[in-house]
file protein-v1.cif (mmCIF, C-alpha atoms and all ligand atoms)
data_target
#
loop_
_atom_site.group_PDB
_atom_site.id
_atom_site.type_symbol
_atom_site.label_atom_id
_atom_site.label_comp_id
_atom_site.auth_asym_id
_atom_site.auth_seq_id
_atom_site.Cartn_x
_atom_site.Cartn_y
_atom_site.Cartn_z
ATOM 1 C CA MET A 1 3.338 -76.942 -40.346
ATOM 2 C CA THR A 2 2.960 -77.069 -36.580
ATOM 3 C CA ASP A 3 0.227 -75.062 -34.916
ATOM 4 C CA ILE A 4 1.557 -72.541 -32.400
ATOM 5 C CA LEU A 5 -1.984 -71.258 -31.795
ATOM 6 C CA TYR A 6 -5.148 -73.351 -31.777
ATOM 7 C CA THR A 7 -8.663 -73.024 -30.463
ATOM 8 C CA TYR A 8 -10.664 -75.408 -28.345
ATOM 9 C CA LYS A 9 -14.092 -74.799 -26.782
ATOM 10 C CA ASN A 10 -14.065 -71.041 -27.463
ATOM 11 C CA GLN A 11 -10.607 -70.490 -26.000
ATOM 12 C CA VAL A 12 -7.375 -69.717 -27.771
ATOM 13 C CA TYR A 13 -4.306 -71.667 -26.695
ATOM 14 C CA ALA A 14 -0.584 -71.353 -27.305
ATOM 15 C CA ASN A 15 1.532 -74.411 -28.041
ATOM 16 C CA ILE A 16 5.135 -73.232 -27.617
ATOM 17 C CA THR A 17 7.054 -76.386 -26.719
ATOM 18 C CA ASN A 18 6.890 -80.172 -26.729
ATOM 19 C CA ARG A 19 9.289 -80.438 -23.793
ATOM 20 C CA CYS A 20 7.932 -81.786 -20.515
ATOM 21 C CA ASP A 21 9.474 -83.032 -17.286
ATOM 22 C CA CYS A 22 6.614 -85.479 -16.667
ATOM 23 C CA SER A 23 5.290 -88.482 -18.504
ATOM 24 C CA CYS A 24 1.714 -88.617 -17.239
ATOM 25 C CA THR A 25 -0.146 -91.871 -17.755
ATOM 26 C CA PHE A 26 -3.196 -89.911 -18.971
ATOM 27 C CA CYS A 27 -1.366 -87.369 -21.172
ATOM 28 C CA VAL A 28 -3.413 -86.352 -24.204
ATOM 29 C CA ARG A 29 -0.210 -86.469 -26.264
ATOM 30 C CA SER A 30 -0.175 -90.250 -26.071
ATOM 31 C CA THR A 31 -3.835 -90.707 -26.995
ATOM 32 C CA LYS A 32 -4.589 -87.991 -29.576
ATOM 33 C CA ASP A 33 -2.588 -86.414 -32.393
ATOM 34 C CA THR A 34 -4.144 -82.986 -31.953
ATOM 35 C CA VAL A 35 -6.503 -80.909 -29.826
ATOM 36 C CA GLY A 36 -9.318 -78.600 -30.988
ATOM 37 C CA ASP A 37 -8.763 -77.131 -34.437
ATOM 38 C CA ALA A 38 -5.015 -77.842 -34.498
ATOM 39 C CA THR A 39 -3.729 -79.995 -37.346
ATOM 40 C CA ASN A 40 -0.249 -80.734 -35.993
ATOM 41 C CA MET A 41 1.084 -80.059 -32.502
ATOM 42 C CA TRP A 42 4.521 -81.689 -32.714
ATOM 43 C CA PHE A 43 7.483 -79.466 -33.549
ATOM 44 C CA ASP A 44 10.465 -80.615 -35.599
ATOM 45 C CA LYS A 45 12.185 -77.645 -33.993
ATOM 46 C CA GLU A 46 10.816 -75.632 -31.060
ATOM 47 C CA PRO A 47 9.643 -72.199 -32.263
ATOM 48 C CA ASP A 48 11.664 -69.129 -31.383
ATOM 49 C CA PHE A 49 9.995 -65.927 -30.219
ATOM 50 C CA GLU A 50 9.918 -64.420 -33.732
ATOM 51 C CA GLU A 51 7.958 -67.428 -35.011
ATOM 52 C CA ILE A 52 5.536 -67.229 -32.084
ATOM 53 C CA LYS A 53 5.129 -63.490 -32.669
ATOM 54 C CA ARG A 54 4.377 -64.059 -36.374
ATOM 55 C CA ALA A 55 1.685 -66.609 -35.439
ATOM 56 C CA ILE A 56 0.137 -64.121 -33.007
ATOM 57 C CA ASP A 57 0.250 -61.248 -35.513
ATOM 58 C CA ALA A 58 -1.537 -63.426 -38.093
ATOM 59 C CA PHE A 59 -4.316 -64.570 -35.742
ATOM 60 C CA ASP A 60 -7.705 -62.864 -35.316
ATOM 61 C CA PHE A 61 -8.197 -62.463 -31.556
ATOM 62 C CA SER A 62 -11.393 -60.412 -31.833
ATOM 63 C CA SER A 63 -13.556 -63.163 -30.266
ATOM 64 C CA TYR A 64 -11.226 -63.834 -27.340
ATOM 65 C CA ASP A 65 -10.392 -62.087 -24.097
ATOM 66 C CA GLU A 66 -7.909 -64.617 -22.721
ATOM 67 C CA PHE A 67 -4.714 -66.204 -24.063
ATOM 68 C CA VAL A 68 -3.873 -69.580 -22.532
ATOM 69 C CA PHE A 69 -0.479 -71.299 -22.464
ATOM 70 C CA CYS A 70 -1.080 -75.042 -22.704
ATOM 71 C CA GLY A 71 -0.267 -77.171 -25.763
ATOM 72 C CA TYR A 72 1.643 -80.408 -26.293
ATOM 73 C CA GLY A 73 4.244 -79.831 -23.593
ATOM 74 C CA GLU A 74 4.869 -77.995 -20.326
ATOM 75 C CA PRO A 75 4.906 -74.288 -21.264
ATOM 76 C CA THR A 76 7.336 -73.300 -18.505
ATOM 77 C CA CYS A 77 10.015 -75.544 -20.024
ATOM 78 C CA ALA A 78 10.205 -72.774 -22.657
ATOM 79 C CA LEU A 79 10.259 -70.074 -19.985
ATOM 80 C CA GLU A 80 11.998 -67.313 -21.890
ATOM 81 C CA ASN A 81 9.578 -67.568 -24.835
ATOM 82 C CA LEU A 82 6.621 -67.883 -22.483
ATOM 83 C CA LEU A 83 7.521 -64.639 -20.657
ATOM 84 C CA LYS A 84 8.255 -62.722 -23.862
ATOM 85 C CA THR A 85 5.055 -63.993 -25.493
ATOM 86 C CA ALA A 86 2.880 -63.160 -22.505
ATOM 87 C CA GLN A 87 4.301 -59.653 -22.355
ATOM 88 C CA TYR A 88 3.827 -59.172 -26.099
ATOM 89 C CA VAL A 89 0.193 -60.369 -25.982
ATOM 90 C CA LYS A 90 -0.590 -58.156 -23.000
ATOM 91 C CA GLU A 91 0.986 -55.071 -24.573
ATOM 92 C CA THR A 92 -0.317 -55.465 -28.111
ATOM 93 C CA LEU A 93 -3.693 -57.164 -27.570
ATOM 94 C CA GLY A 94 -4.570 -56.409 -23.950
ATOM 95 C CA LEU A 95 -5.693 -59.994 -23.350
ATOM 96 C CA LYS A 96 -5.662 -61.707 -19.968
ATOM 97 C CA ILE A 97 -2.985 -64.392 -19.737
ATOM 98 C CA ARG A 98 -3.517 -67.824 -18.213
ATOM 99 C CA LEU A 99 -0.883 -70.481 -17.683
ATOM 100 C CA ASN A 100 -1.737 -74.166 -17.384
ATOM 101 C CA THR A 101 1.222 -75.867 -15.748
ATOM 102 C CA ASN A 102 2.304 -79.017 -13.977
ATOM 103 C CA GLY A 103 3.757 -76.803 -11.224
ATOM 104 C CA LEU A 104 7.219 -78.360 -11.303
ATOM 105 C CA CYS A 105 8.832 -75.302 -12.901
ATOM 106 C CA ASN A 106 10.835 -74.241 -9.845
ATOM 107 C CA LEU A 107 12.415 -77.691 -9.771
ATOM 108 C CA TYR A 108 13.003 -77.669 -13.522
ATOM 109 C CA HIS A 109 14.673 -74.256 -13.426
ATOM 110 C CA ASN A 110 16.267 -74.796 -10.019
ATOM 111 C CA ARG A 111 15.056 -71.385 -8.785
ATOM 112 C CA ASN A 112 11.833 -69.613 -7.882
ATOM 113 C CA ILE A 113 10.333 -68.346 -11.148
ATOM 114 C CA ILE A 114 7.099 -67.056 -9.579
ATOM 115 C CA PRO A 115 8.259 -63.389 -9.500
ATOM 116 C CA GLU A 116 8.921 -63.561 -13.254
ATOM 117 C CA LEU A 117 5.565 -65.218 -13.949
ATOM 118 C CA ALA A 118 3.695 -62.786 -11.710
ATOM 119 C CA LYS A 119 4.740 -59.841 -13.911
ATOM 120 C CA VAL A 120 2.821 -61.206 -16.919
ATOM 121 C CA ILE A 121 0.435 -63.968 -15.828
ATOM 122 C CA ASP A 122 -3.093 -63.149 -14.601
ATOM 123 C CA SER A 123 -4.189 -66.655 -13.742
ATOM 124 C CA ILE A 124 -2.488 -69.958 -13.218
ATOM 125 C CA SER A 125 -3.909 -73.472 -13.125
ATOM 126 C CA ILE A 126 -1.642 -76.062 -11.535
ATOM 127 C CA SER A 127 -2.319 -79.770 -12.086
ATOM 128 C CA LEU A 128 -2.416 -81.514 -8.718
ATOM 129 C CA ASN A 129 -3.481 -84.893 -10.125
ATOM 130 C CA ALA A 130 -3.196 -86.866 -6.874
ATOM 131 C CA PRO A 131 -3.461 -86.446 -3.086
ATOM 132 C CA THR A 132 -0.160 -88.080 -2.056
ATOM 133 C CA ALA A 133 3.440 -88.125 -3.229
ATOM 134 C CA GLU A 134 3.271 -91.840 -3.913
ATOM 135 C CA LYS A 135 0.175 -91.575 -6.098
ATOM 136 C CA TYR A 136 1.517 -88.445 -7.795
ATOM 137 C CA GLN A 137 4.783 -90.161 -8.755
ATOM 138 C CA ALA A 138 2.858 -93.128 -10.144
ATOM 139 C CA VAL A 139 0.467 -91.118 -12.277
ATOM 140 C CA THR A 140 2.699 -88.286 -13.550
ATOM 141 C CA ARG A 141 6.071 -90.106 -13.627
ATOM 142 C CA PRO A 142 8.098 -86.880 -13.190
ATOM 143 C CA GLN A 143 11.835 -86.495 -13.693
ATOM 144 C CA PHE A 144 12.179 -85.519 -10.025
ATOM 145 C CA GLU A 145 11.862 -87.589 -6.862
ATOM 146 C CA ASN A 146 10.656 -84.698 -4.721
ATOM 147 C CA ALA A 147 8.091 -83.454 -7.238
ATOM 148 C CA PHE A 148 4.971 -83.527 -5.057
ATOM 149 C CA PRO A 149 6.190 -81.326 -2.158
ATOM 150 C CA ALA A 150 7.762 -78.986 -4.726
ATOM 151 C CA LEU A 151 4.428 -78.727 -6.552
ATOM 152 C CA LEU A 152 2.597 -77.883 -3.313
ATOM 153 C CA GLU A 153 5.189 -75.257 -2.405
ATOM 154 C CA PHE A 154 4.922 -73.787 -5.898
ATOM 155 C CA ALA A 155 1.124 -73.610 -5.528
ATOM 156 C CA SER A 156 1.428 -71.751 -2.203
ATOM 157 C CA LEU A 157 3.844 -69.238 -3.729
ATOM 158 C CA ALA A 158 1.622 -68.808 -6.792
ATOM 159 C CA GLN A 159 -1.436 -68.231 -4.633
ATOM 160 C CA LYS A 160 0.316 -65.291 -2.947
ATOM 161 C CA ALA A 161 1.724 -63.670 -6.091
ATOM 162 C CA ILE A 162 -0.675 -64.308 -9.007
ATOM 163 C CA PRO A 163 -4.196 -62.783 -8.996
ATOM 164 C CA HIS A 164 -6.039 -66.034 -9.809
ATOM 165 C CA ALA A 165 -4.408 -69.310 -8.839
ATOM 166 C CA GLN A 166 -5.941 -72.740 -8.662
ATOM 167 C CA LEU A 167 -5.022 -76.368 -8.281
ATOM 168 C CA SER A 168 -6.813 -78.785 -10.559
ATOM 169 C CA ILE A 169 -7.771 -82.450 -10.590
ATOM 170 C CA VAL A 170 -10.047 -84.500 -12.804
ATOM 171 C CA ASP A 171 -13.356 -85.949 -11.683
ATOM 172 C CA VAL A 172 -12.298 -89.564 -12.292
ATOM 173 C CA LEU A 173 -10.411 -89.716 -8.980
ATOM 174 C CA PRO A 174 -12.153 -91.765 -6.273
ATOM 175 C CA PRO A 175 -14.185 -89.654 -3.799
ATOM 176 C CA ASP A 176 -11.717 -90.175 -0.925
ATOM 177 C CA GLU A 177 -8.870 -88.904 -3.108
ATOM 178 C CA ILE A 178 -10.916 -85.898 -4.212
ATOM 179 C CA ASP A 179 -11.577 -85.128 -0.520
ATOM 180 C CA ALA A 180 -7.878 -85.430 0.272
ATOM 181 C CA CYS A 181 -6.992 -83.100 -2.622
ATOM 182 C CA GLN A 182 -9.597 -80.635 -1.378
ATOM 183 C CA LYS A 183 -7.965 -80.708 2.057
ATOM 184 C CA LEU A 184 -4.534 -79.989 0.558
ATOM 185 C CA ALA A 185 -5.988 -77.050 -1.350
ATOM 186 C CA ASP A 186 -7.906 -75.714 1.652
ATOM 187 C CA GLU A 187 -4.813 -75.885 3.855
ATOM 188 C CA ARG A 188 -3.075 -73.605 1.378
ATOM 189 C CA GLY A 189 -6.025 -71.299 0.835
ATOM 190 C CA ILE A 190 -6.091 -72.117 -2.867
ATOM 191 C CA TYR A 191 -9.131 -72.945 -4.973
ATOM 192 C CA LEU A 192 -9.438 -76.548 -6.187
ATOM 193 C CA LYS A 193 -10.938 -76.939 -9.642
ATOM 194 C CA ILE A 194 -12.412 -80.383 -10.317
ATOM 195 C CA ARG A 195 -12.366 -80.727 -14.097
ATOM 196 C CA LYS A 196 -14.373 -83.156 -16.201
ATOM 197 C CA PHE A 197 -12.024 -85.725 -17.656
ATOM 198 C CA ALA A 198 -11.727 -85.069 -21.414
ATOM 199 C CA LYS A 199 -11.372 -88.340 -23.331
HETATM 200 S S1 LIG A 201 2.555 -82.545 -17.513
HETATM 201 FE FE1 LIG A 201 1.045 -82.217 -19.132
HETATM 202 S S2 LIG A 201 2.210 -82.347 -21.066
HETATM 203 FE FE2 LIG A 201 3.492 -83.205 -19.452
HETATM 204 S S3 LIG A 201 3.128 -85.412 -19.567
HETATM 205 FE FE3 LIG A 201 1.728 -84.560 -18.003
HETATM 206 S S4 LIG A 201 -0.189 -84.096 -19.085
HETATM 207 FE FE4 LIG A 201 1.420 -84.396 -20.645
#
call {"tool": "encode", "arguments": {"input": "protein-v1.cif", "output": "structure tokens"}}
result
Amino acid sequence: MTDILYTYKNQVYANITNRCDCSCTFCVRSTKDTVGDATNMWFDKEPDFEEIKRAIDAFDFSSYDEFVFCGYGEPTCALENLLKTAQYVKETLGLKIRLNTNGLCNLYHNRNIIPELAKVIDSISISLNAPTAEKYQAVTRPQFENAFPALLEFASLAQKAIPHAQLSIVDVLPPDEIDACQKLADERGIYLKIRKFAK
């Protein structure tokens, strides 16, 4: 059975899709079979909302105050289930909702989905990964040619509409690239989180 919910470092995460519009060189999906206490993160068939709801109803959330969309795919590729799930978790459990995303969702859906996200998402972490379009294309290998400017525009929109928004990079980037990423974040008034690279 595939884990829809799993825990990792005292956080509870939702795995709702294996779809993704990137093919990052560093993606955990190509190096590890699972994350945290999950036993299987690959779906034979993507779960529908009823299956996600059953997994939530069966889970003990008493030690958690936040519900994080992450998993083995880009959560916004399953937008309808993401929105329904976030609303359900907020209404029934009162947890804060965080979305970890590659920030290409407006390209993927060919419209601005921020207003829909802003109704149910309390915080959003957007993977920046690189300081230039050229480097971004090389490291994330997205389906889209104009991914990097779209990501930056998405981050600016998110910063205005979602209470806590951040861009994120990992600490393995060279110092000059980290500085350049910091500049991009500062120009947009958005916090840059420099995460430790998890091997
Ligand atoms: S965006 Fe996330 S899930 Fe998709 S390939 Fe990159 S690291 Fe993996």
call {"tool": "residues_around", "arguments": {"input": "protein-v1.cif", "residues": "A:Glu116", "least_positions_apart": "3", "cutoff": "10 Å", "atoms": "all atoms listed in the file", "output": "ChimeraX atom specification"}}
result
/A:79-80,83,112-113,119-121
call {"tool": "closest_atom_pairs", "arguments": {"input": "protein-v1.cif", "of": "chain A", "to": "ligand LIG 201 (chain A)", "cutoff": "10 Å", "atoms": "all atoms listed in the file", "output": "Markdown table"}}
result
| residue | atom | partner | partner_atom | distance |
| --- | --- | --- | --- | --- |
| A:Thr17 | CA | A:LIG201 | S2 | 9.5 |
| A:Asn18 | CA | A:LIG201 | S2 | 7.7 |
| A:Arg19 | CA | A:LIG201 | FE2 | 7.8 |
| A:Cys20 | CA | A:LIG201 | FE2 | 4.8 |
| A:Asp21 | CA | A:LIG201 | FE2 | 6.4 |
| A:Cys22 | CA | A:LIG201 | S3 | 4.5 |
| A:Ser23 | CA | A:LIG201 | S3 | 3.9 |
| A:Cys24 | CA | A:LIG201 | FE3 | 4.1 |
| A:Thr25 | CA | A:LIG201 | S3 | 7.5 |
| A:Phe26 | CA | A:LIG201 | S4 | 6.5 |
| A:Cys27 | CA | A:LIG201 | S4 | 4.1 |
| A:Val28 | CA | A:LIG201 | FE4 | 6.3 |
| A:Arg29 | CA | A:LIG201 | FE4 | 6.2 |
| A:Ser30 | CA | A:LIG201 | FE4 | 8.1 |
| A:Cys70 | CA | A:LIG201 | S2 | 8.2 |
| A:Gly71 | CA | A:LIG201 | S2 | 7.4 |
| A:Tyr72 | CA | A:LIG201 | S2 | 5.6 |
| A:Gly73 | CA | A:LIG201 | S2 | 4.1 |
| A:Glu74 | CA | A:LIG201 | S2 | 5.2 |
| A:Pro75 | CA | A:LIG201 | S2 | 8.5 |
| A:Asn100 | CA | A:LIG201 | FE1 | 8.7 |
| A:Thr101 | CA | A:LIG201 | S1 | 7.0 |
| A:Asn102 | CA | A:LIG201 | S1 | 5.0 |
| A:Gly103 | CA | A:LIG201 | S1 | 8.6 |
| A:Leu104 | CA | A:LIG201 | S1 | 8.8 |
| A:Ile126 | CA | A:LIG201 | S1 | 9.8 |
| A:Ser127 | CA | A:LIG201 | S1 | 7.8 |
| A:Asn129 | CA | A:LIG201 | FE3 | 9.5 |
| A:Val139 | CA | A:LIG201 | FE3 | 8.8 |
| A:Thr140 | CA | A:LIG201 | FE3 | 5.9 |
| A:Arg141 | CA | A:LIG201 | S3 | 8.1 |
| A:Pro142 | CA | A:LIG201 | S3 | 8.2 |
call {"tool": "residues_around", "arguments": {"input": "protein-v1.cif", "residues": "A:Ser168", "least_positions_apart": "6", "cutoff": "9 Å", "atoms": "only C-alpha atoms", "output": "list in words"}}
result
Ser125, Ile126, Ser127, Leu128, Asn129, Tyr191, Leu192, Lys193, Ile194 and Arg195 of chain A
call {"tool": "closest_residue", "arguments": {"input": "protein-v1.cif", "among": "A:Gln159, A:Thr132, A:Gln11, A:Thr31", "to": "A:Leu184", "atoms": "only C-alpha atoms"}}
result
A:Thr132
call {"tool": "closest_residue", "arguments": {"input": "protein-v1.cif", "among": "A:Leu93, A:Ala58, A:Leu99, A:Ala133", "to": "A:Ala14", "atoms": "only C-alpha atoms"}}
result
A:Leu99
call {"tool": "atom_distance", "arguments": {"input": "protein-v1.cif", "atom1": "atom CA of A:Ile178", "atom2": "atom CA of A:Ala118"}}
result
28.4 Å
call {"tool": "resolve_selection", "arguments": {"input": "protein-v1.cif", "expression": "the PyMOL selection byres (((chain A and resi 37) around 6) and not hetatm)", "output": "list of chain:residue names"}}
result
A:Tyr6, A:Thr7, A:Gly36, A:Ala38
call {"tool": "resolve_selection", "arguments": {"input": "protein-v1.cif", "expression": "the PyMOL selection byres (((chain A and resi 65) around 10) and not hetatm)", "output": "PyMOL selection string"}}
result
chain A and resi 11-12+61-64+66-67+93-97
call {"tool": "resolve_selection", "arguments": {"input": "protein-v1.cif", "expression": "the PyMOL selection byres (((chain A and resi 40-56) around 8) and not hetatm)", "output": "list in words"}}
result
Met1, Thr2, Asp3, Ile4, Leu5, Asn15, Ile16, Thr17, Asn18, Asp33, Thr34, Ala38, Thr39, Asp57, Ala58, Phe59, Gly71, Tyr72, Asn81, Lys84, Thr85, Tyr88 and Val89 of chain A
call {"tool": "write_last_selection", "arguments": {"input": "protein-v1.cif", "atoms": "C-alpha atoms", "output": "short mmCIF file (atom, residue, chain, number, x, y, z; two decimals), in the frame of the given file"}}
result
data_model
loop_
_atom_site.label_atom_id
_atom_site.label_comp_id
_atom_site.auth_asym_id
_atom_site.auth_seq_id
_atom_site.Cartn_x
_atom_site.Cartn_y
_atom_site.Cartn_z
CA MET A 1 3.34 -76.94 -40.35
CA THR A 2 2.96 -77.07 -36.58
CA ASP A 3 0.23 -75.06 -34.92
CA ILE A 4 1.56 -72.54 -32.40
CA LEU A 5 -1.98 -71.26 -31.80
CA ASN A 15 1.53 -74.41 -28.04
CA ILE A 16 5.14 -73.23 -27.62
CA THR A 17 7.05 -76.39 -26.72
CA ASN A 18 6.89 -80.17 -26.73
CA ASP A 33 -2.59 -86.41 -32.39
CA THR A 34 -4.14 -82.99 -31.95
CA ALA A 38 -5.01 -77.84 -34.50
CA THR A 39 -3.73 -80.00 -37.35
CA ASP A 57 0.25 -61.25 -35.51
CA ALA A 58 -1.54 -63.43 -38.09
CA PHE A 59 -4.32 -64.57 -35.74
CA GLY A 71 -0.27 -77.17 -25.76
CA TYR A 72 1.64 -80.41 -26.29
CA ASN A 81 9.58 -67.57 -24.84
CA LYS A 84 8.26 -62.72 -23.86
CA THR A 85 5.06 -63.99 -25.49
CA TYR A 88 3.83 -59.17 -26.10
CA VAL A 89 0.19 -60.37 -25.98
#
call {"tool": "closest_residue", "arguments": {"input": "protein-v1.cif", "among": "A:Glu153, A:Ala130, A:Gly189, A:Thr76", "to": "A:Pro175", "atoms": "all atoms listed in the file"}}
result
A:Ala130
call {"tool": "axis_aligned_box", "arguments": {"input": "protein-v1.cif", "around": "stretch 43-59 of chain A", "padding_each_side": "6 Å", "output": "lines of an AutoDock Vina configuration file"}}
result
center_x = 3.9
center_y = -70.9
center_z = -34.2
size_x = 28.5
size_y = 31.4
size_z = 19.9
call {"tool": "atom_distance", "arguments": {"input": "protein-v1.cif", "atom1": "atom CA of A:Ala180", "atom2": "atom CA of A:Pro131"}}
result
5.6 Å
call {"tool": "build_atoms", "arguments": {"input": "protein-v1.cif", "residues": "stretch 43-57 of chain A", "atoms": "N, CA, C and O atoms", "output": "PDB file, in the frame of the given file"}}
result
ATOM      1  N   PHE A  43       6.489 -80.302 -32.871  1.00  0.00           N
ATOM      2  CA  PHE A  43       7.483 -79.466 -33.549  1.00  0.00           C
ATOM      3  C   PHE A  43       8.681 -80.303 -33.990  1.00  0.00           C
ATOM      4  O   PHE A  43       9.179 -81.125 -33.212  1.00  0.00           O
ATOM      5  N   ASP A  44       9.157 -80.073 -35.228  1.00  0.00           N
ATOM      6  CA  ASP A  44      10.465 -80.615 -35.599  1.00  0.00           C
ATOM      7  C   ASP A  44      11.533 -79.824 -34.856  1.00  0.00           C
ATOM      8  O   ASP A  44      12.550 -80.357 -34.439  1.00  0.00           O
ATOM      9  N   LYS A  45      11.259 -78.534 -34.717  1.00  0.00           N
ATOM     10  CA  LYS A  45      12.185 -77.645 -33.993  1.00  0.00           C
ATOM     11  C   LYS A  45      11.317 -76.672 -33.191  1.00  0.00           C
ATOM     12  O   LYS A  45      10.371 -76.103 -33.729  1.00  0.00           O
ATOM     13  N   GLU A  46      11.625 -76.523 -31.911  1.00  0.00           N
ATOM     14  CA  GLU A  46      10.816 -75.632 -31.060  1.00  0.00           C
ATOM     15  C   GLU A  46      10.819 -74.212 -31.634  1.00  0.00           C
ATOM     16  O   GLU A  46      11.872 -73.720 -32.045  1.00  0.00           O
ATOM     17  N   PRO A  47       9.666 -73.540 -31.654  1.00  0.00           N
ATOM     18  CA  PRO A  47       9.643 -72.199 -32.263  1.00  0.00           C
ATOM     19  C   PRO A  47      10.409 -71.183 -31.431  1.00  0.00           C
ATOM     20  O   PRO A  47      10.414 -71.263 -30.198  1.00  0.00           O
ATOM     21  N   ASP A  48      11.046 -70.232 -32.125  1.00  0.00           N
ATOM     22  CA  ASP A  48      11.664 -69.129 -31.383  1.00  0.00           C
ATOM     23  C   ASP A  48      10.626 -68.019 -31.231  1.00  0.00           C
ATOM     24  O   ASP A  48       9.510 -68.112 -31.772  1.00  0.00           O
ATOM     25  N   PHE A  49      10.986 -66.964 -30.511  1.00  0.00           N
ATOM     26  CA  PHE A  49       9.995 -65.927 -30.219  1.00  0.00           C
ATOM     27  C   PHE A  49       9.483 -65.262 -31.491  1.00  0.00           C
ATOM     28  O   PHE A  49       8.297 -64.937 -31.600  1.00  0.00           O
ATOM     29  N   GLU A  50      10.361 -65.072 -32.483  1.00  0.00           N
ATOM     30  CA  GLU A  50       9.918 -64.420 -33.732  1.00  0.00           C
ATOM     31  C   GLU A  50       8.832 -65.250 -34.421  1.00  0.00           C
ATOM     32  O   GLU A  50       7.863 -64.701 -34.958  1.00  0.00           O
ATOM     33  N   GLU A  51       8.979 -66.554 -34.395  1.00  0.00           N
ATOM     34  CA  GLU A  51       7.958 -67.428 -35.011  1.00  0.00           C
ATOM     35  C   GLU A  51       6.645 -67.358 -34.223  1.00  0.00           C
ATOM     36  O   GLU A  51       5.551 -67.329 -34.803  1.00  0.00           O
ATOM     37  N   ILE A  52       6.749 -67.333 -32.908  1.00  0.00           N
ATOM     38  CA  ILE A  52       5.536 -67.229 -32.084  1.00  0.00           C
ATOM     39  C   ILE A  52       4.849 -65.883 -32.359  1.00  0.00           C
ATOM     40  O   ILE A  52       3.628 -65.803 -32.533  1.00  0.00           O
ATOM     41  N   LYS A  53       5.661 -64.838 -32.429  1.00  0.00           N
ATOM     42  CA  LYS A  53       5.129 -63.490 -32.669  1.00  0.00           C
ATOM     43  C   LYS A  53       4.418 -63.431 -34.030  1.00  0.00           C
ATOM     44  O   LYS A  53       3.332 -62.862 -34.146  1.00  0.00           O
ATOM     45  N   ARG A  54       5.013 -64.051 -35.039  1.00  0.00           N
ATOM     46  CA  ARG A  54       4.377 -64.059 -36.374  1.00  0.00           C
ATOM     47  C   ARG A  54       3.024 -64.766 -36.322  1.00  0.00           C
ATOM     48  O   ARG A  54       2.051 -64.328 -36.929  1.00  0.00           O
ATOM     49  N   ALA A  55       2.960 -65.884 -35.564  1.00  0.00           N
ATOM     50  CA  ALA A  55       1.685 -66.609 -35.439  1.00  0.00           C
ATOM     51  C   ALA A  55       0.643 -65.741 -34.734  1.00  0.00           C
ATOM     52  O   ALA A  55      -0.535 -65.719 -35.124  1.00  0.00           O
ATOM     53  N   ILE A  56       1.064 -65.001 -33.737  1.00  0.00           N
ATOM     54  CA  ILE A  56       0.137 -64.121 -33.007  1.00  0.00           C
ATOM     55  C   ILE A  56      -0.342 -62.983 -33.912  1.00  0.00           C
ATOM     56  O   ILE A  56      -1.531 -62.680 -33.980  1.00  0.00           O
ATOM     57  N   ASP A  57       0.606 -62.379 -34.639  1.00  0.00           N
ATOM     58  CA  ASP A  57       0.250 -61.248 -35.513  1.00  0.00           C
ATOM     59  C   ASP A  57      -0.731 -61.669 -36.605  1.00  0.00           C
ATOM     60  O   ASP A  57      -1.535 -60.871 -37.080  1.00  0.00           O
TER      61      ASP A  57
END
